[in-house]
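These notes are about the structure you will find just below.
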Amino acid sequence: MKERIRSVLDTHGRLPVGAAALADDANLYAAGMTSHASVNVMLALEEEFDVEFPDEMLTRSAFESVDAIAGRLVALGVG
Amino acid sequence: MANVAAAPRRARAEFLADLISAGLLIPSGVDGAYGRGGTFEAVRAAVDAFVTRRSLNVRPERMAFPPVLPRRQLERIGYLSSFPHLAGTIFSFEGDEAEAAELERRVGAGEDWGGLQRQTDLVLVPAACYPVYPAVAARGPLPVGGLTVDLGGSYVFRNEPSCDPARWQMFHQREMIRLGAPDEVAGWRDAWAQRAVEIVGELGLEAAVDVATDPFFGRSGRLLARSQRSQSLKLELAVWISGDEPTAVASFNYHREHFSSVFDLREAGGEQAHTACVGFGLERVALALFSRHGLDPARWPADVTALLLP
């Protein structure tokens, strides 16, 4: 799952470094992801994993690291 | 300041009716689009000049832009992703005589004639600062120490018809923009928020600054708004005008790298610049004054008129 998350981040996160270089708990905003890029990441994750993030998950912290994203996806039943 | 009893609190519809009957506002027939009488305009211009006199002691560069923006700039800024519901775009007729006759027929019959118009290269400016970023970026890197731009009062448009007398579809933003190093730009924004409380306080208005969000559209917008709030990127100065809630009369916006990533704004040393803007809604400040001190400026507290109309 984390490889697919990294692939989404590489395509939509507009990060100055490849997501492979970031630890699972590295803060993506500190790495250069903007708020507007996080929206594109959110939408792309929904498409990639065929889920819809509920309203309470639409927060800045939900998309702040690979671990944070994976945790939300697991909560939504992605195995 | 202004130790005179405030005018009684009024409902929004009642305040709007009073403004119209006093000749301060001239209704157009469309909610949120008002003409202004001479007294209102004199107060609006006086507020504009007062904010200028009370501006932070910097020497801004003056620029002025028309209330239209190249459509391509609105697209690049991402406005149509964040605020598709607020954008006002300009369409016009480019057809031949047969199409002109059809247009005339549809207008006469009261039918929809929008399909006979084509989108032009212009949109209405939704935020007064938007034309500044590409204009400054085209010059190359910022000067050492960054740049402050004063736009004065500029017309802006948002598609949000409302019966609230303080929510207009076209109004004047009195904007200043700061471009430079991140810490310095953030500090300028914060200093302005405190300064603005003092400025309106001098005019007898009780105001408070609070963290706010822009009205971003849809689910993506909820994420953007929460992200904006968690970083305190938008502050608003709220004053009571009418109704049950205070109304924002100014906002203080730290954009971080949003505009510099679109338009490649760089500091003198080559680092990516940050930007912030401060905007006073001039009509809203004027409305707050009419609400607080009454509809006839000749009867306002002498210390307020002495400051506004020296």
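Labels for the structure tokens follow display order: chains A, B, ..., residues from 1 in each chain, ligands from 1.
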(request) Specify as a list in words all residues of chain B found within 9 Å of chain A, counting only C-alpha atoms. (result) Gly78, Ser82, Arg219, Ser220, Gly221, Arg222, Leu223, Leu224, Ala225, Arg226, Ser227, Gln228, Ser230, Glu257 and His258 of chain B
(message) Nearest residue to Ala207 in chain B out of B:Leu16, B:Ala191, B:Val249, B:Ala100, using only C-alpha atoms?
(response) B:Val249
(message) Give me, as JSON, numbers by chain, the residues of range 85-265 of chain B that a backbone DSSP run labels strand (DSSP E or B).
(response) {"B": [89, 90, 91, 92, 118, 119, 120, 121, 122, 123, 124, 147, 148, 149, 150, 151, 152, 153, 154, 155, 156, 157, 170, 171, 172, 173, 174, 175, 176, 177, 178, 179, 180, 207, 208, 209, 210, 211, 212, 234, 235, 236, 237, 238, 239, 247, 248, 249, 250, 251, 252, 253, 254, 255, 256]}
(request) Write out as a ChimeraX atom specification all residues of range 31-155 of chain B that DSSP puts in helix (DSSP H, G or I) for this structure's backbone. (result) /B:38-53,71-77,79-82,97-109,114-116,132-137
(message) Give me the residues near Gly71 in chain A as a PyMOL selection string, where near means some atom within 12 Å (using only C-alpha atoms) and where sequence neighbours in that chain fewer than 3 positions away do not count.
(response) chain A and resi 1-2+5+24-25+53+57+61-68+74-79
(message) Env of Arg195 in chain B: 10 Å cut, atoms = only C-alpha atoms, seq-sep filter 6 positions within chain, self excluded. Answer as a list in words.
(response) Arg54, Ser55, Leu56, Arg189 and Gly201 of chain B
Would you give me, as CSV, each residue of range 114-177 of chain B having an atom within 10 Å of an atom of range 88-95 of chain B, along with its shortest atom pair and that distance in Å to one decimal, using only C-alpha atoms and sorting by chain and residue number?
residue,atom,partner,partner_atom,distance
B:Gly114,CA,B:Phe91,CA,8.5
B:Gly115,CA,B:Phe93,CA,9.7
B:Leu116,CA,B:Phe93,CA,6.7
B:Gln117,CA,B:Phe93,CA,4.6
B:Arg118,CA,B:Phe91,CA,5.2
B:Gln119,CA,B:Phe91,CA,4.3
B:Thr120,CA,B:Phe91,CA,5.3
B:Asp121,CA,B:Ile90,CA,7.8
B:Leu122,CA,B:Ile90,CA,5.9
B:Val123,CA,B:Thr89,CA,4.3
B:Leu124,CA,B:Gly88,CA,5.4
B:Val125,CA,B:Gly88,CA,7.9
B:Pro126,CA,B:Gly88,CA,7.7
B:Val156,CA,B:Gly88,CA,9.8
B:Phe157,CA,B:Gly88,CA,6.8
B:Arg158,CA,B:Gly88,CA,6.7
B:Asn159,CA,B:Gly88,CA,6.3
B:Gln169,CA,B:Gly88,CA,9.8
(request) Excluding His85 in chain B and residues on its chain fewer than 2 positions from it, collect all residues at most 10 Å away from it, counting only C-alpha atoms, and give them as number ranges by chain. (result) B: 79-83, 87-88, 158-160, 215-218
Could you please take those selected residues and save C-alpha atoms as an mmCIF file, in the first residue's frame?
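Everything below was put into out_37.cif:
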data_model
loop_
_atom_site.group_PDB
_atom_site.id
_atom_site.type_symbol
_atom_site.label_atom_id
_atom_site.label_comp_id
_atom_site.auth_asym_id
_atom_site.auth_seq_id
_atom_site.Cartn_x
_atom_site.Cartn_y
_atom_site.Cartn_z
ATOM 1 C CA TYR B 79 -9.102 30.256 -8.651
ATOM 2 C CA LEU B 80 -11.421 28.081 -10.715
ATOM 3 C CA SER B 81 -10.436 25.045 -8.617
ATOM 4 C CA SER B 82 -10.794 26.780 -5.266
ATOM 5 C CA PHE B 83 -13.663 29.204 -5.962
ATOM 6 C CA ALA B 87 -15.816 33.731 -10.399
ATOM 7 C CA GLY B 88 -17.312 36.292 -12.745
ATOM 8 C CA ARG B 158 -17.695 37.825 -6.275
ATOM 9 C CA ASN B 159 -20.798 36.016 -7.481
ATOM 10 C CA GLU B 160 -22.634 35.873 -4.173
ATOM 11 C CA PRO B 215 -15.142 30.105 1.205
ATOM 12 C CA PHE B 216 -13.429 27.302 -0.730
ATOM 13 C CA PHE B 217 -15.739 25.162 -2.877
ATOM 14 C CA GLY B 218 -16.786 21.576 -2.198
#
